[in-house]
Amino acid sequence: MNRKVRLEDGKQMEKIKVGIIGTGFIGPTHIEAIRRLGFVEVVALAETSQVQAEQKAEELGIPKAYGDYREMLRDSEIQVVHNCTPNHVHFAINKEIILAGKHVVSEKPLAMNSEQSAELLELAKKQGVVHGVNFNYRQHASVQNLRAKIANGDLGKVNLVHGSYLQDWLLYETDFNWRLAPEVGGKSRAVADIGSHWCDTVQFVTGKKIVEVFADLATVIPVRKKAKGNVATFSSQTAEDVEYEDVPINTEDYASVLVRFEDGSRGVFTVSQVSAGRKNRLSFEIDGSKSSAYWNQEEPEKLWMGHRDKPNEILLADPALFAPEARSAIHHPGGHNEGWPDALKNMMLNYYSFIRDRKDPLKDQSNFATFEDGHISMAITDAILESHEQQKWVKVQVKKEVLV
């Protein structure tokens with residue numbers, strides 16, 4: 001197997017070696033995105049048993065299989081580890097990855113609360129590892145272009161931000177997944193799972209931080225029917241001939257949250273996992289003093305631009321029409337639509353280019369979401385839960401000393 005890549009100057013370099021922990025829904029998507037880069041190689045994976053690890057490694061064409069991720073962390077060949085496990089073990093595994101001296105990419109949420117996420121950020125900085133969180137929606141080409149347009153003043157002063165993130169995969173009472181259990185998924189579900197993506201994306205696009213929230217959460221289906229056998233996430237399996245048990249649900253299916261940004265601008269968003277027909281619809285509108293912009297992840301190649309004194313526009317993703325700052329995010333000519341897998345590839349490209357170019361995580365600006373963004377996200381989720389419980393505005397408590 002050729003494990004070297006040729007650089008522009010003709011020299012060769014060893015491919016960056018990667019290990020993956022967890023191969024449920026998201027792990028294989030990380031692997032696919034990494035393989036598209038060319039200069040990175042997935043050499044190992046870890047699962048909860050040796051049998052499962054070997055089976056997955058064979059299916060995915062990965063040479064090494066570990067039934068215990070700690071053994072993989074002792075593999076000196078591996079430089080980077082991806083944490084694609086369920087939420088409740090993110091903190092512990094991320095911490096062990098960092099202490100093993102490996103660079104780390106974590107799925108969100110980074111931890112179970114903002115105290116843990118602050119600890120991870122502080123530790124990652126102390127150890128000098130490159131740390132990333134998979135907030136991939138900011139990596140969509142049209143989102144990158146919109147960020148550039150806002151920074152360049154095309155929309156004027158941003159006054160309002162509003163939108164939603166809607167899904168239907170938990171619409172029926174027979175829909176069940178590990179994310180529904182607080183001890184595994186965390187105290188928040190819809191907000192932590194998809195609301196975190198909405199908040200990260202709009203903060204990235206506007207360049208403004210959310211500093212205060214007022215939240216209303218609801219469990220639309222308070223008792224669900226859990227299949228006694230295993231059913232995969234986003235599975236098409238029918239309910240016929242399946243035995244169920246009733247399980248009380250204590251996490252939210254729905255939330256609406258008023259937000260205030262650091263400059264005084266306002267916003268609101270709704271998240272739902274029980275909205276029929278909405279498969280993965282992250283959408284937002286930015287209303288500025290000159291014009292507005294609207295983007296919807298289910299149609300990622302389109303950016304709607306709204307005007308008062310001239311016809312509205314639909315800007316299709318096309319590198320020839322993009323701001324110079326955003327052209328590196330789009331890889332095909334106009335009309336060759338790029339979507340969710342391409343945004344994930346952009347995340348991996350930016351992260352691994354940072355490592356390849358030997359940039360310093362303490363000094364150099366990154367163009368991917370870091371543990372700092374993961375900590376801010378956890379602080380927002382904590383504030384949303386507190387706001388709902390107390391039914392009042394709550395400030396987002398970010399541990400600023402770890403951000404410096």
# chains A, B, ... in the order shown; residues from 1 in each chain; ligands from 1

call {"tool": "residues_around", "arguments": {"residues": "His388 of chain A", "least_positions_apart": "2", "cutoff": "10 Å", "atoms": "only C-alpha atoms", "output": "PyMOL selection string"}}
result
chain A and resi 213-218+255-257+383-386+390-394

call {"tool": "residues_around", "arguments": {"residues": "segment 38-50 of chain A", "least_positions_apart": "4", "cutoff": "7 Å", "atoms": "only C-alpha atoms", "output": "MDAnalysis selection string"}}
result
chainID A and resid 5 15:22 31 34 54 57 62:69 72

call {"tool": "write_last_selection", "arguments": {"atoms": "C-alpha atoms", "output": "compact mmCIF listing (two decimals), in the first residue's frame"}}
result
# COMPACT_ATOMS: atom_id res chain seq x y z
CA VAL A 5 1.78 11.61 -1.15
CA LYS A 15 0.21 10.30 4.94
CA ILE A 16 -1.35 11.45 8.22
CA LYS A 17 -2.49 8.33 10.08
CA VAL A 18 -5.94 8.32 11.70
CA GLY A 19 -7.92 6.14 14.09
CA ILE A 20 -11.72 6.22 14.47
CA ILE A 21 -13.56 5.40 17.70
CA GLY A 22 -17.19 4.42 17.02
CA ILE A 31 -14.05 7.86 7.11
CA ILE A 34 -11.18 11.64 5.12
CA GLU A 54 -12.94 -6.74 13.22
CA ALA A 57 -12.80 -3.02 9.88
CA ILE A 62 -9.40 -0.62 7.52
CA PRO A 63 -6.28 -2.66 8.43
CA LYS A 64 -6.32 -2.47 12.24
CA ALA A 65 -9.19 -3.28 14.60
CA TYR A 66 -9.29 -2.67 18.34
CA GLY A 67 -11.90 -3.95 20.79
CA ASP A 68 -10.71 -1.35 23.31
CA TYR A 69 -10.04 2.23 22.21
CA MET A 72 -5.63 2.14 19.87

call {"tool": "residues_around", "arguments": {"residues": "segment 158-167 of chain A", "least_positions_apart": "2", "cutoff": "7 Å", "atoms": "only C-alpha atoms", "output": "PyMOL selection string"}}
result
chain A and resi 156+169+194-195+198+265-275+278-289

call {"tool": "residues_around", "arguments": {"residues": "Asn152 of chain A", "least_positions_apart": "2", "cutoff": "12 Å", "atoms": "only C-alpha atoms", "output": "MDAnalysis selection string"}}
result
chainID A and resid 145:150 154:158 205:207 323:326

call {"tool": "closest_residue", "arguments": {"among": "A:Gly264, A:Pro311, A:Gly374, A:Pro182", "to": "Ile210 of chain A", "atoms": "only C-alpha atoms"}}
result
A:Gly264

call {"tool": "residues_around", "arguments": {"residues": "His88 of chain A", "least_positions_apart": "2", "cutoff": "10 Å", "atoms": "only C-alpha atoms", "output": "ChimeraX atom specification"}}
result
/A:85-86,90-93,109-112,179,182-186

call {"tool": "select_by_dssp", "arguments": {"residues": "segment 132-265 of chain A", "states": "strand (DSSP E)", "output": "PyMOL selection string"}}
result
chain A and resi 132-133+158-166+210-218+223-227+244-248+254-261

call {"tool": "closest_residue", "arguments": {"among": "A:Val211, A:Val242, A:Val398, A:Val130", "to": "Leu258 of chain A", "atoms": "only C-alpha atoms"}}
result
A:Val211

call {"tool": "atom_distance", "arguments": {"atom1": "atom CA of Ala141 of chain A", "atom2": "atom CA of Ala329 of chain A"}}
result
4.9 Å

call {"tool": "atom_distance", "arguments": {"atom1": "atom CA of Thr201 of chain A", "atom2": "atom CA of Leu171 of chain A"}}
result
24.9 Å

call {"tool": "select_by_dssp", "arguments": {"residues": "segment 290-364 of chain A", "states": "helix (DSSP H, G or I)", "output": "PyMOL selection string"}}
result
chain A and resi 319-321+324-329+340-356

call {"tool": "closest_residue", "arguments": {"among": "A:Met348, A:Leu362, A:Ala33, A:Ala317", "to": "Val133 of chain A", "atoms": "only C-alpha atoms"}}
result
A:Met348

call {"tool": "residues_around", "arguments": {"residues": "Met305 of chain A", "least_positions_apart": "6", "cutoff": "9 Å", "atoms": "only C-alpha atoms", "output": "ChimeraX atom specification"}}
result
/A:291-294,312-315

call {"tool": "residues_around", "arguments": {"residues": "Ala379 of chain A", "least_positions_apart": "5", "cutoff": "6 Å", "atoms": "only C-alpha atoms", "output": "count of residues only"}}
result
4

call {"tool": "closest_residue", "arguments": {"among": "A:Leu123, A:Leu303, A:Val81, A:Ile330", "to": "Glu107 of chain A", "atoms": "only C-alpha atoms"}}
result
A:Val81

call {"tool": "closest_residue", "arguments": {"among": "A:Ile376, A:Leu99, A:Ala320, A:Leu180", "to": "Gly128 of chain A", "atoms": "only C-alpha atoms"}}
result
A:Leu99

call {"tool": "closest_residue", "arguments": {"among": "A:Tyr351, A:Lys226, A:Ala118, A:Glu212", "to": "Val104 of chain A", "atoms": "only C-alpha atoms"}}
result
A:Tyr351
